[in-house]
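Here is entry.cif, consisting of mmCIF, C-alpha atoms and all ligand atoms:
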data_structure
#
loop_
_atom_site.label_atom_id
_atom_site.label_comp_id
_atom_site.auth_asym_id
_atom_site.auth_seq_id
_atom_site.Cartn_x
_atom_site.Cartn_y
_atom_site.Cartn_z
CA MET A 1 86.58 73.52 98.93
CA LYS A 2 87.08 74.52 102.56
CA THR A 3 85.03 77.66 103.26
CA THR A 4 86.59 80.53 105.12
CA SER A 5 85.62 80.60 108.77
CA TYR A 6 84.88 83.86 110.59
CA LYS A 7 83.56 82.07 113.70
CA LYS A 8 85.87 83.63 116.30
CA SER A 9 85.39 87.10 114.84
CA ALA A 10 81.62 86.62 115.02
CA GLU A 11 81.85 85.60 118.69
CA LEU A 12 84.10 88.57 119.51
CA LEU A 13 81.74 90.89 117.66
CA ASP A 14 78.83 89.70 119.80
CA ARG A 15 80.92 90.38 122.90
CA ALA A 16 82.11 93.76 121.61
CA LYS A 17 78.56 94.89 120.78
CA LYS A 18 77.66 94.73 124.46
CA VAL A 19 80.10 97.55 125.24
CA LEU A 20 81.19 99.21 121.99
CA ALA A 21 78.51 100.82 119.79
CA SER A 22 78.04 98.27 116.96
CA GLY A 23 81.22 96.61 118.18
CA VAL A 24 83.54 99.07 116.43
CA SER A 25 85.32 102.39 116.96
CA SER A 26 84.71 103.99 113.56
CA GLU A 27 81.58 103.92 111.38
CA PHE A 28 83.42 102.50 108.36
CA ARG A 29 84.69 99.44 110.23
CA LYS A 30 81.15 98.05 110.45
CA TYR A 31 81.15 97.31 106.75
CA ASN A 32 83.57 94.43 106.46
CA HIS A 33 82.73 91.05 104.99
CA PRO A 34 80.76 89.21 106.34
CA HIS A 35 80.76 91.52 109.38
CA ALA A 36 83.36 93.45 111.37
CA ILE A 37 86.44 91.24 111.63
CA PHE A 38 88.92 91.07 114.51
CA TYR A 39 92.57 91.04 113.50
CA THR A 40 95.57 89.83 115.45
CA HIS A 41 98.52 91.27 113.57
CA GLY A 42 99.83 92.66 110.30
CA LYS A 43 103.19 92.28 108.61
CA GLY A 44 104.25 93.74 105.27
CA SER A 45 101.43 93.33 102.76
CA ARG A 46 99.61 90.76 104.94
CA ILE A 47 97.06 90.98 107.74
CA TYR A 48 95.87 88.09 109.95
CA ASP A 49 92.54 87.61 111.73
CA VAL A 50 91.56 85.76 114.90
CA ASP A 51 90.28 82.79 112.88
CA GLY A 52 93.76 82.27 111.43
CA ASN A 53 92.95 83.73 108.01
CA GLU A 54 95.84 85.46 106.23
CA TYR A 55 94.86 88.20 103.78
CA LEU A 56 96.76 90.01 101.09
CA ASP A 57 95.87 93.53 102.13
CA PHE A 58 94.94 96.27 99.67
CA THR A 59 93.02 98.32 102.25
CA LEU A 60 96.21 99.43 104.05
CA SER A 61 93.86 100.34 106.91
CA GLN A 62 92.09 102.90 104.65
CA GLY A 63 95.39 104.30 103.40
CA PRO A 64 97.90 104.94 106.18
CA LEU A 65 100.10 101.86 105.70
CA ILE A 66 102.09 103.11 102.72
CA VAL A 67 105.18 101.18 103.85
CA GLY A 68 103.12 98.15 104.85
CA HIS A 69 102.16 96.72 108.23
CA SER A 70 104.75 96.81 111.04
CA HIS A 71 107.63 98.26 109.03
CA PRO A 72 110.77 97.53 111.13
CA HIS A 73 112.24 101.01 110.70
CA VAL A 74 108.99 102.66 111.83
CA LEU A 75 108.65 100.37 114.85
CA LYS A 76 112.28 100.86 115.88
CA SER A 77 112.02 104.61 115.59
CA VAL A 78 108.71 104.74 117.54
CA ASN A 79 110.10 102.52 120.31
CA GLU A 80 113.39 104.37 120.62
CA TYR A 81 111.79 107.77 120.69
CA SER A 82 108.99 106.72 123.07
CA GLU A 83 111.58 105.49 125.55
CA GLN A 84 112.79 109.06 125.87
CA GLY A 85 109.31 110.19 126.87
CA GLN A 86 105.87 110.23 125.35
CA ILE A 87 104.79 113.82 125.34
CA PHE A 88 106.18 116.92 127.01
CA ALA A 89 103.55 119.68 126.78
CA GLY A 90 106.53 121.35 125.20
CA GLN A 91 108.73 121.19 122.17
CA HIS A 92 111.15 118.53 121.03
CA ILE A 93 113.78 118.39 118.33
CA ARG A 94 112.26 115.73 116.11
CA GLU A 95 109.19 117.91 115.71
CA ILE A 96 111.35 120.56 114.02
CA GLU A 97 113.04 117.88 111.93
CA LEU A 98 109.64 116.69 110.71
CA ALA A 99 108.47 120.21 109.91
CA GLU A 100 111.74 120.92 108.07
CA LYS A 101 111.27 117.73 106.10
CA LEU A 102 107.71 118.64 105.06
CA ASN A 103 108.87 122.15 104.24
CA LYS A 104 111.45 120.69 101.86
CA LEU A 105 109.14 118.15 100.26
CA ILE A 106 105.74 119.86 99.95
CA PRO A 107 105.49 122.95 97.74
CA SER A 108 102.90 124.80 99.88
CA ALA A 109 104.42 123.87 103.26
CA GLU A 110 106.02 127.15 104.30
CA LEU A 111 104.54 127.05 107.79
CA MET A 112 102.61 124.27 109.49
CA ARG A 113 101.06 122.80 112.62
CA PHE A 114 100.67 119.16 113.56
CA CYS A 115 97.32 117.68 114.62
CA LEU A 116 96.02 114.18 115.27
CA ASP A 117 93.87 113.44 112.25
CA GLY A 118 92.56 114.71 108.96
CA SER A 119 89.23 115.96 110.31
CA GLU A 120 90.71 118.43 112.76
CA ALA A 121 93.35 119.64 110.33
CA VAL A 122 90.54 120.41 107.83
CA HIS A 123 88.75 122.30 110.59
CA THR A 124 91.90 124.37 111.24
CA ALA A 125 92.25 125.28 107.57
CA PHE A 126 88.65 126.59 107.46
CA ARG A 127 89.32 128.70 110.53
CA VAL A 128 92.42 130.26 108.97
CA ALA A 129 90.59 130.91 105.70
CA ARG A 130 87.70 132.64 107.46
CA ALA A 131 89.97 134.72 109.66
CA LYS A 132 92.09 135.94 106.76
CA THR A 133 89.33 136.66 104.28
CA GLY A 134 86.65 137.84 106.70
CA LYS A 135 84.23 135.62 104.75
CA GLN A 136 82.25 132.69 106.17
CA LYS A 137 81.53 129.95 103.66
CA PHE A 138 83.59 127.31 101.95
CA LEU A 139 82.88 125.84 98.55
CA ARG A 140 83.12 122.06 98.47
CA PHE A 141 82.29 119.34 95.99
CA GLU A 142 79.65 116.61 95.99
CA GLY A 143 80.90 113.23 97.18
CA HIS A 144 84.24 114.47 98.49
CA TYR A 145 85.02 113.36 102.02
CA HIS A 146 86.69 115.79 104.41
CA GLY A 147 86.10 114.01 107.72
CA TRP A 148 83.17 113.68 110.03
CA LEU A 149 82.86 117.06 111.79
CA ASP A 150 79.56 118.91 111.42
CA ASN A 151 80.13 121.30 108.56
CA VAL A 152 81.69 118.71 106.25
CA CYS A 153 78.88 116.20 106.87
CA TRP A 154 76.75 118.01 104.29
CA GLY A 155 77.26 117.16 100.64
CA ASN A 156 79.34 113.99 100.95
CA SER A 157 76.36 111.64 100.55
CA ALA A 158 72.96 111.52 98.87
CA PRO A 159 70.11 109.01 98.75
CA SER A 160 69.98 108.98 94.93
CA VAL A 161 71.21 110.90 91.93
CA GLU A 162 67.71 112.27 91.31
CA ALA A 163 67.59 113.63 94.84
CA LEU A 164 70.66 115.78 94.11
CA GLY A 165 68.57 117.99 91.82
CA SER A 166 70.11 120.57 89.53
CA ARG A 167 73.86 120.79 88.98
CA GLU A 168 73.81 124.57 89.46
CA ASN A 169 72.01 124.42 92.80
CA PRO A 170 72.33 120.93 94.27
CA GLU A 171 70.23 119.60 97.12
CA VAL A 172 72.49 118.97 100.09
CA PHE A 173 71.96 116.06 102.47
CA ALA A 174 73.12 115.50 106.02
CA TRP A 175 75.28 112.41 106.53
CA SER A 176 74.26 112.19 110.18
CA GLN A 177 71.55 113.24 112.55
CA GLY A 178 72.53 115.62 115.31
CA LEU A 179 74.45 118.10 113.18
CA SER A 180 74.17 121.73 114.13
CA SER A 181 71.56 123.21 111.79
CA GLN A 182 73.78 126.24 111.08
CA SER A 183 76.56 123.96 109.88
CA LYS A 184 74.62 123.41 106.66
CA ASP A 185 75.07 127.08 105.80
CA ASP A 186 78.85 126.87 106.10
CA SER A 187 79.23 125.32 102.67
CA ILE A 188 78.18 125.81 99.09
CA VAL A 189 78.21 122.46 97.31
CA LEU A 190 78.82 121.88 93.58
CA PRO A 191 79.51 118.87 91.36
CA TRP A 192 83.26 118.29 90.90
CA ASN A 193 85.32 118.67 87.73
CA ASP A 194 83.07 121.39 86.29
CA LEU A 195 85.12 124.56 86.20
CA GLU A 196 82.41 126.54 84.42
CA LEU A 197 80.01 125.95 87.33
CA VAL A 198 82.65 127.07 89.84
CA LYS A 199 83.27 130.18 87.73
CA LEU A 200 79.57 131.07 87.54
CA THR A 201 79.09 130.47 91.26
CA LEU A 202 82.07 132.62 92.19
CA GLU A 203 80.93 135.43 89.92
CA LYS A 204 77.72 135.58 91.93
CA ARG A 205 78.88 134.61 95.41
CA HIS A 206 82.62 135.24 95.81
CA GLU A 207 81.96 137.77 98.54
CA GLU A 208 80.61 134.98 100.76
CA ILE A 209 83.37 132.42 100.09
CA ALA A 210 86.51 132.12 102.21
CA ALA A 211 87.84 128.86 100.75
CA ILE A 212 87.49 126.19 98.12
CA ILE A 213 88.34 122.73 99.43
CA THR A 214 88.94 119.79 97.14
CA GLU A 215 90.51 116.37 97.14
CA PRO A 216 92.99 116.83 94.25
CA VAL A 217 91.99 113.36 93.04
CA MET A 218 88.44 112.46 94.07
CA CYS A 219 89.56 109.33 95.90
CA ASN A 220 86.53 108.85 98.12
CA SER A 221 83.97 108.42 95.34
CA GLY A 222 85.20 106.51 92.32
CA CYS A 223 88.89 107.58 92.39
CA ILE A 224 88.33 110.26 89.76
CA PRO A 225 91.28 112.18 88.35
CA PRO A 226 90.86 115.94 87.88
CA LYS A 227 89.98 117.01 84.33
CA GLU A 228 92.75 118.74 82.41
CA GLY A 229 92.94 122.32 83.66
CA PHE A 230 90.46 121.89 86.53
CA LEU A 231 92.91 122.31 89.42
CA GLN A 232 94.73 125.15 87.63
CA GLY A 233 91.34 126.76 87.01
CA LEU A 234 90.53 126.59 90.72
CA ARG A 235 93.95 128.08 91.48
CA ASP A 236 93.33 131.00 89.09
CA LEU A 237 89.82 131.67 90.41
CA CYS A 238 91.02 131.65 94.02
CA ASN A 239 93.76 134.14 93.10
CA GLN A 240 91.24 136.31 91.29
CA TYR A 241 88.78 136.47 94.18
CA GLY A 242 91.09 136.29 97.22
CA ILE A 243 89.84 132.86 98.25
CA ALA A 244 91.95 130.17 99.96
CA LEU A 245 92.55 127.10 97.83
CA ILE A 246 92.71 124.10 100.18
CA PHE A 247 93.89 120.72 98.93
CA ASP A 248 92.70 117.88 101.12
CA GLU A 249 95.68 115.58 100.63
CA VAL A 250 94.65 113.15 103.36
CA ILE A 251 94.71 110.36 100.76
CA THR A 252 96.96 111.76 98.01
CA GLY A 253 99.67 112.96 100.41
CA PHE A 254 102.82 110.78 100.27
CA ARG A 255 100.85 108.51 97.95
CA LEU A 256 101.12 110.25 94.57
CA SER A 257 104.55 111.63 95.41
CA LEU A 258 106.57 112.67 98.44
CA GLY A 259 105.22 116.18 97.87
CA GLY A 260 101.64 114.98 97.44
CA ALA A 261 99.26 115.73 94.59
CA GLN A 262 100.37 119.37 94.54
CA LYS A 263 103.87 118.29 93.52
CA TYR A 264 102.51 115.64 91.15
CA PHE A 265 100.19 118.04 89.31
CA GLY A 266 102.35 121.14 89.76
CA ILE A 267 99.57 123.24 91.35
CA THR A 268 100.32 124.89 94.68
CA PRO A 269 97.34 125.44 97.01
CA ASP A 270 97.31 128.01 99.81
CA MET A 271 96.83 125.37 102.50
CA SER A 272 96.70 121.61 102.51
CA ILE A 273 95.97 118.74 104.82
CA PHE A 274 98.19 115.70 105.19
CA ALA A 275 97.31 112.68 107.34
CA LYS A 276 96.95 108.92 106.68
CA ALA A 277 100.19 107.87 104.90
CA MET A 278 102.12 110.55 106.77
CA GLY A 279 102.26 108.42 109.93
CA SER A 280 102.06 104.69 109.09
CA GLY A 281 99.02 104.24 111.34
CA TYR A 282 100.09 106.55 114.17
CA PRO A 283 97.72 109.47 114.76
CA ILE A 284 99.40 112.47 113.17
CA SER A 285 98.28 114.98 110.57
CA ALA A 286 99.47 118.36 109.39
CA ILE A 287 97.87 121.56 108.25
CA VAL A 288 100.51 123.13 106.03
CA GLY A 289 100.33 126.32 104.03
CA LYS A 290 101.76 129.46 102.66
CA ARG A 291 103.12 131.82 105.27
CA GLU A 292 100.65 134.58 104.40
CA TRP A 293 97.78 132.29 105.49
CA MET A 294 99.40 130.29 108.26
CA SER A 295 100.87 133.37 109.94
CA LEU A 296 97.44 133.98 111.45
CA ILE A 297 98.16 131.03 113.72
CA GLU A 298 101.62 132.43 114.43
CA GLU A 299 100.04 135.72 115.49
CA ALA A 300 97.45 133.86 117.63
CA LYS A 301 94.67 135.46 115.62
CA VAL A 302 93.64 131.88 114.87
CA ILE A 303 93.83 129.38 117.70
CA HIS A 304 95.01 125.88 117.05
CA ALA A 305 95.69 123.60 120.01
CA GLY A 306 95.64 119.98 121.18
CA THR A 307 97.07 118.20 124.22
CA MET A 308 98.21 115.21 122.23
CA ASN A 309 99.59 117.02 119.18
CA SER A 310 103.07 116.00 117.96
CA CYS A 311 103.67 113.49 120.75
CA ASN A 312 106.92 111.55 120.45
CA PRO A 313 105.67 108.27 118.94
CA THR A 314 103.63 109.92 116.19
CA VAL A 315 106.43 112.27 115.15
CA ALA A 316 108.90 109.38 115.19
CA ALA A 317 106.52 107.29 113.06
CA SER A 318 106.12 110.05 110.54
CA LEU A 319 109.83 110.78 110.25
CA ALA A 320 110.63 107.10 109.89
CA THR A 321 107.93 106.60 107.25
CA ILE A 322 109.25 109.51 105.21
CA GLU A 323 112.82 108.23 105.61
CA VAL A 324 111.77 104.87 104.15
CA LEU A 325 109.96 106.59 101.28
CA GLU A 326 112.95 108.84 100.59
CA GLN A 327 115.44 105.98 100.67
CA GLU A 328 113.41 103.50 98.68
CA GLN A 329 111.70 105.95 96.29
CA PRO A 330 108.89 103.42 95.71
CA TYR A 331 106.72 105.71 93.58
CA GLU A 332 107.65 104.43 90.14
CA ARG A 333 107.09 100.88 91.41
CA MET A 334 103.78 101.71 93.09
CA PHE A 335 102.49 103.30 89.88
CA ARG A 336 103.75 100.34 87.82
CA LEU A 337 102.25 97.74 90.16
CA GLY A 338 98.99 99.65 90.42
CA LYS A 339 98.69 99.90 86.66
CA LYS A 340 99.54 96.20 86.27
CA LEU A 341 96.78 95.32 88.74
CA MET A 342 94.29 97.66 87.06
CA GLU A 343 95.09 96.11 83.65
CA GLY A 344 94.85 92.56 85.03
CA LEU A 345 91.49 93.25 86.64
CA ARG A 346 90.14 94.85 83.45
CA LEU A 347 91.21 91.94 81.32
CA SER A 348 89.94 89.27 83.71
CA ALA A 349 86.56 91.00 84.02
CA LYS A 350 86.26 91.36 80.25
CA GLU A 351 87.13 87.70 79.61
CA ALA A 352 84.45 86.67 82.11
CA GLY A 353 81.89 88.98 80.46
CA HIS A 354 81.58 91.62 83.20
CA ASP A 355 81.35 95.33 82.53
CA VAL A 356 83.74 97.00 84.91
CA LEU A 357 85.27 100.43 85.09
CA ILE A 358 88.63 100.64 86.78
CA GLN A 359 89.97 104.11 87.19
CA GLY A 360 92.54 105.88 89.29
CA MET A 361 96.17 106.74 89.29
CA GLY A 362 97.82 103.42 90.18
CA PRO A 363 98.88 103.87 93.84
CA MET A 364 95.13 104.09 94.47
CA PHE A 365 92.34 103.11 92.13
CA ASN A 366 88.71 102.08 92.15
CA ILE A 367 86.67 99.28 90.61
CA SER A 368 82.98 99.65 89.76
CA PHE A 369 80.57 97.47 87.87
CA THR A 370 79.14 99.71 85.16
CA THR A 371 78.99 100.16 81.40
CA GLN A 372 80.13 103.79 81.71
CA GLU A 373 83.48 104.52 80.07
CA SER A 374 84.48 106.97 82.75
CA ILE A 375 83.12 108.49 85.94
CA ASN A 376 83.81 112.18 86.27
CA ASP A 377 81.84 113.28 89.30
CA PHE A 378 79.77 112.01 92.24
CA ARG A 379 76.54 111.95 90.21
CA GLU A 380 78.00 109.40 87.80
CA THR A 381 78.90 107.08 90.69
CA PHE A 382 75.21 106.25 91.11
CA ASN A 383 75.01 104.48 87.76
CA VAL A 384 76.90 101.44 89.04
CA ASP A 385 75.86 97.99 90.20
CA LYS A 386 76.53 98.15 93.95
CA ALA A 387 75.14 94.67 94.63
CA LYS A 388 77.63 93.21 92.16
CA LEU A 389 80.48 95.16 93.75
CA ASN A 390 79.50 93.83 97.18
CA GLN A 391 79.47 90.31 95.76
CA PHE A 392 82.93 90.83 94.25
CA ILE A 393 84.44 92.29 97.43
CA ALA A 394 82.96 89.50 99.57
CA ALA A 395 84.21 86.79 97.21
CA MET A 396 87.70 88.35 97.12
CA HIS A 397 87.67 88.45 100.91
CA ASN A 398 86.78 84.77 101.05
CA LYS A 399 89.80 84.18 98.78
CA LYS A 400 91.89 86.17 101.27
CA VAL A 401 92.35 89.34 99.25
CA ARG A 402 91.19 92.33 101.26
CA VAL A 403 89.83 95.34 99.35
CA ILE A 404 87.95 98.38 100.71
CA GLY A 405 84.19 97.77 100.45
CA ARG A 406 83.47 100.73 98.19
CA GLY A 407 85.87 99.30 95.60
CA LEU A 408 89.02 101.26 96.48
CA TRP A 409 92.44 99.61 96.28
CA TYR A 410 95.67 100.96 97.78
CA ILE A 411 99.14 99.85 96.69
CA SER A 412 101.98 100.06 99.21
CA ALA A 413 105.74 100.23 98.91
CA VAL A 414 105.92 96.60 100.04
CA HIS A 415 103.52 95.00 97.56
CA THR A 416 105.40 92.85 95.09
CA ASP A 417 104.84 91.67 91.53
CA GLU A 418 103.88 88.28 93.00
CA ASP A 419 101.25 89.95 95.22
CA ILE A 420 99.76 91.68 92.18
CA GLU A 421 99.75 88.47 90.13
CA HIS A 422 98.13 86.61 93.02
CA ALA A 423 95.40 89.26 93.32
CA ILE A 424 94.72 89.11 89.57
CA GLU A 425 94.52 85.31 89.68
CA LYS A 426 92.01 85.45 92.56
CA ALA A 427 89.99 88.17 90.82
CA LYS A 428 89.90 86.03 87.68
CA GLU A 429 88.43 83.15 89.70
CA VAL A 430 85.87 85.48 91.26
CA PHE A 431 84.82 87.06 87.95
CA ASN A 432 84.39 83.59 86.47
CA GLU A 433 82.31 82.42 89.41
CA MET A 434 80.06 85.50 89.47
C1 LIG A 501 90.20 113.04 101.79
C2 LIG A 501 89.96 112.88 103.25
N1 LIG A 501 89.91 113.96 104.03
C3 LIG A 501 89.72 113.90 105.37
C4 LIG A 501 89.57 112.68 105.98
C5 LIG A 501 89.38 112.61 107.47
O1 LIG A 501 90.55 112.16 108.03
P1 LIG A 501 90.52 111.41 109.47
O2 LIG A 501 89.73 110.16 109.28
O3 LIG A 501 91.97 111.18 109.75
O4 LIG A 501 89.89 112.37 110.42
C6 LIG A 501 89.61 111.50 105.21
C7 LIG A 501 89.45 110.19 105.84
O5 LIG A 501 89.29 109.17 105.22
C8 LIG A 501 89.81 111.61 103.81
O6 LIG A 501 89.84 110.52 103.03
#

Just give me the structure of the file as structure tokens.
Ligand SMILES: Cc1ncc(COP(=O)(O)O)c(C=O)c1O
Amino acid sequence: MKTTSYKKSAELLDRAKKVLASGVSSEFRKYNHPHAIFYTHGKGSRIYDVDGNEYLDFTLSQGPLIVGHSHPHVLKSVNEYSEQGQIFAGQHIREIELAEKLNKLIPSAELMRFCLDGSEAVHTAFRVARAKTGKQKFLRFEGHYHGWLDNVCWGNSAPSVEALGSRENPEVFAWSQGLSSQSKDDSIVLPWNDLELVKLTLEKRHEEIAAIITEPVMCNSGCIPPKEGFLQGLRDLCNQYGIALIFDEVITGFRLSLGGAQKYFGITPDMSIFAKAMGSGYPISAIVGKREWMSLIEEAKVIHAGTMNSCNPTVAASLATIEVLEQEQPYERMFRLGKKLMEGLRLSAKEAGHDVLIQGMGPMFNISFTTQESINDFRETFNVDKAKLNQFIAAMHNKKVRVIGRGLWYISAVHTDEDIEHAIEKAKEVFNEM
């Protein structure tokens, strides 16, 4: 069988490394198979690299491409609107249209501001929460990812499960060197999905805590759904203690429903962050929230700014993406296709004698090699065979099916039944060969 060639990518990577740190522009892009790959173009559910390889893409560029690569309506809208100007250091009508749209679709979106990415929108939410409550810390959960700024780089990683120590008082590790040492004190970190622990912690420390931030589905480690009553429990505790409940919907937004996870689960946070799928790959995010919180920005008690915010192409991309999602209503299909793929992977693994756990909602899900029947928090993600996962991802890549290295799959509105069947067939081959 002809082996996949990555020769041109390897040459370009050597060239890139001379001028770009590790040849890439984001840490996560280093970890492709067999190394960072250079792509030429993407169309629909397919992406193409410089060596001429065509991949069926389930990475969707880490989530944004909910309507697939190069959706014609998005491109047309971006081009048309960019021709009228790029950015005005002033307001424009489509910005209001986008805000009105989010206001209609997202339960908590009474008032909002647009930013460029998830990380800075998270940062804005913390600032609002501190200003309103007069308290300093936020409570976050082990293994959740809220971007790469200093105070959220504590608690998202750990060298081992043993190193995490007790559940009640976890050890917290820095994800990077160079963080401000005070930034560690900004957060209190707990294991996720354990309402009793949150309750006990708040009883003792609620006077220090301005906000609780959570991914409503723990997409970044294992794609773990919230336990029955967990999100409602957080909502009740935040009400009880005057704490901001922040949903980080950077992944779940526009993916679980047009109104995000908050609409899907019927729990309304005080503030939430939307990014990724909101803009089809154009840099736009939103911090949205209830008026009583967001009015601090209105009153300029909290400063939020940014030269590039809500520039024409990003707003046009977001409006066009939402228009496609509204017209096509792909959610039922995305759930159905996701579940079909999850089922197919489970069955193929079982027939080949591999212990896998596949969990998630459908539009996004995760595969791990483990005998565990479920994974409920970050600590349980350590009891998996990472080497086997790497082998699986690499073999899938060689068969031209592209999956995120940590085992996460995203379904888009343009994946078809044939795409899903093709992926299952390739996975079957890989499981049998492993
Ligand atoms: C849940 C979550 N929050 C925040 C972020 C940070 O967003 P960005 O990379 O746009 O800064 C990410 C990025 O992957 C994310 O998955």

Return as CSV the residues of chain A lying at most 6 Å from ligand LIG 501 (chain A), together with the closest atom-to-atom pair for each and the distance in Å to one decimal, counting only C-alpha atoms and all ligand atoms, with rows in chain order and ascending residue number.
residue,atom,partner,partner_atom,distance
A:Asp117,CA,A:LIG501,O3,3.9
A:Gly118,CA,A:LIG501,O1,3.4
A:Ser119,CA,A:LIG501,O4,3.7
A:Tyr145,CA,A:LIG501,C2,5.1
A:His146,CA,A:LIG501,C3,3.7
A:Gly147,CA,A:LIG501,C5,3.6
A:Glu215,CA,A:LIG501,C1,5.7
A:Asp248,CA,A:LIG501,C1,5.5
A:Val250,CA,A:LIG501,C2,4.7
A:Ile251,CA,A:LIG501,C1,5.3

Once you add 3 Å to each side, what are the centre and edge lengths of the axis-aligned box holding all listed atoms of range 286-290 of chain A? One decimal in Å, as JSON, if you can.
{"center_x": 99.8, "center_y": 123.9, "center_z": 106.0, "size_x": 9.9, "size_y": 17.1, "size_z": 12.7}

Q. What separation in Å, quoted to one decimal, exists between CA of Gly90 in chain A and CA of Gly259 in chain A?
A.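 Those two atoms sit 27.8 Å apart.
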
**Q.** Minimum-distance residue to Pro107 in chain A, chosen among A:Ser412, A:Ser257, A:Thr371, A:Asn383 (using all atoms listed in the file)
**A.** A:Ser257

Using only C-alpha atoms, determine which residues lie at most 12 Å from Asp194 in chain A, disregarding the query and same-chain residues fewer than 6 positions distant; provide the list as an mmCIF file with C-alpha atoms, in the coordinates of the input.
data_model
loop_
_atom_site.group_PDB
_atom_site.id
_atom_site.type_symbol
_atom_site.label_atom_id
_atom_site.label_comp_id
_atom_site.auth_asym_id
_atom_site.auth_seq_id
_atom_site.Cartn_x
_atom_site.Cartn_y
_atom_site.Cartn_z
ATOM 1 C CA PHE A 141 82.290 119.340 95.990
ATOM 2 C CA GLU A 142 79.650 116.610 95.990
ATOM 3 C CA ARG A 167 73.860 120.790 88.980
ATOM 4 C CA GLU A 168 73.810 124.570 89.460
ATOM 5 C CA LEU A 200 79.570 131.070 87.540
ATOM 6 C CA THR A 201 79.090 130.470 91.260
ATOM 7 C CA PRO A 226 90.860 115.940 87.880
ATOM 8 C CA LYS A 227 89.980 117.010 84.330
ATOM 9 C CA GLU A 228 92.750 118.740 82.410
ATOM 10 C CA GLY A 229 92.940 122.320 83.660
ATOM 11 C CA PHE A 230 90.460 121.890 86.530
ATOM 12 C CA LEU A 231 92.910 122.310 89.420
ATOM 13 C CA GLY A 233 91.340 126.760 87.010
ATOM 14 C CA LEU A 234 90.530 126.590 90.720
ATOM 15 C CA ASN A 376 83.810 112.180 86.270
ATOM 16 C CA ASP A 377 81.840 113.280 89.300
ATOM 17 C CA PHE A 378 79.770 112.010 92.240
#

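You will find CA of Lys137 in chain A at 14.7 Å from CA of Val172 in chain A.
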
Q: Tell me which of A:Phe274, A:Tyr331, A:Tyr48, A:Phe365 sits closest to Glu343 in chain A, counting only C-alpha atoms.
A: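 So, comparing all the options, the nearest one is A:Phe365.
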
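Distance check against Ala16 in chain A using all atoms listed in the file: of A:Lys43, A:His415, A:Lys30, A:Arg379, the minimum falls on A:Lys30.
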
Which residues are near Ile420 in chain A? Cut-off 10 Å, all atoms listed in the file, ignore same chain within fewer than 4 positions. Put them as a PDB file with C-alpha atoms, in the frame of the given file.
ATOM      1  CA  LEU A  56      96.760  90.010 101.090  1.00  0.00           C
ATOM      2  CA  LEU A 337     102.250  97.740  90.160  1.00  0.00           C
ATOM      3  CA  GLY A 338      98.990  99.650  90.420  1.00  0.00           C
ATOM      4  CA  LYS A 339      98.690  99.900  86.660  1.00  0.00           C
ATOM      5  CA  LYS A 340      99.540  96.200  86.270  1.00  0.00           C
ATOM      6  CA  LEU A 341      96.780  95.320  88.740  1.00  0.00           C
ATOM      7  CA  MET A 342      94.290  97.660  87.060  1.00  0.00           C
ATOM      8  CA  GLY A 344      94.850  92.560  85.030  1.00  0.00           C
ATOM      9  CA  ILE A 411      99.140  99.850  96.690  1.00  0.00           C
ATOM     10  CA  HIS A 415     103.520  95.000  97.560  1.00  0.00           C
ATOM     11  CA  THR A 416     105.400  92.850  95.090  1.00  0.00           C
ATOM     12  CA  ILE A 424      94.720  89.110  89.570  1.00  0.00           C
ATOM     13  CA  GLU A 425      94.520  85.310  89.680  1.00  0.00           C
ATOM     14  CA  LYS A 426      92.010  85.450  92.560  1.00  0.00           C
TER      15      LYS A 426
END

(Q) Residues within 7 Å of Pro363 in chain A, please, as a PyMOL selection string. Count all atoms listed in the file; anything in the same chain fewer than 3 positions from it doesn't count. (A) chain A and resi 255-256+334-335+338+410-411

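Going from CA of Met396 in chain A over to CA of Pro34 in chain A, you cover 11.6 Å.
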
Q) Counting only C-alpha atoms, which of A:Asn312, A:Arg127, A:Ile375, A:Leu20 gets nearest to Gly85 in chain A? A) A:Asn312

Residues within 12 Å of His397 in chain A, please, as a CSV table (one decimal) with C-alpha atoms, keeping the file's coordinate frame. Count all atoms listed in the file; anything in the same chain fewer than 2 positions from it doesn't count.
chain,number,residue,atom,x,y,z
A,3,THR,CA,85.0,77.7,103.3
A,4,THR,CA,86.6,80.5,105.1
A,5,SER,CA,85.6,80.6,108.8
A,6,TYR,CA,84.9,83.9,110.6
A,32,ASN,CA,83.6,94.4,106.5
A,33,HIS,CA,82.7,91.0,105.0
A,34,PRO,CA,80.8,89.2,106.3
A,35,HIS,CA,80.8,91.5,109.4
A,37,ILE,CA,86.4,91.2,111.6
A,47,ILE,CA,97.1,91.0,107.7
A,49,ASP,CA,92.5,87.6,111.7
A,53,ASN,CA,93.0,83.7,108.0
A,54,GLU,CA,95.8,85.5,106.2
A,55,TYR,CA,94.9,88.2,103.8
A,56,LEU,CA,96.8,90.0,101.1
A,57,ASP,CA,95.9,93.5,102.1
A,58,PHE,CA,94.9,96.3,99.7
A,59,THR,CA,93.0,98.3,102.2
A,390,ASN,CA,79.5,93.8,97.2
A,391,GLN,CA,79.5,90.3,95.8
A,392,PHE,CA,82.9,90.8,94.2
A,393,ILE,CA,84.4,92.3,97.4
A,394,ALA,CA,83.0,89.5,99.6
A,395,ALA,CA,84.2,86.8,97.2
A,399,LYS,CA,89.8,84.2,98.8
A,400,LYS,CA,91.9,86.2,101.3
A,401,VAL,CA,92.4,89.3,99.2
A,402,ARG,CA,91.2,92.3,101.3
A,403,VAL,CA,89.8,95.3,99.4
A,404,ILE,CA,88.0,98.4,100.7
A,405,GLY,CA,84.2,97.8,100.4
A,423,ALA,CA,95.4,89.3,93.3
A,426,LYS,CA,92.0,85.4,92.6
A,427,ALA,CA,90.0,88.2,90.8
A,430,VAL,CA,85.9,85.5,91.3
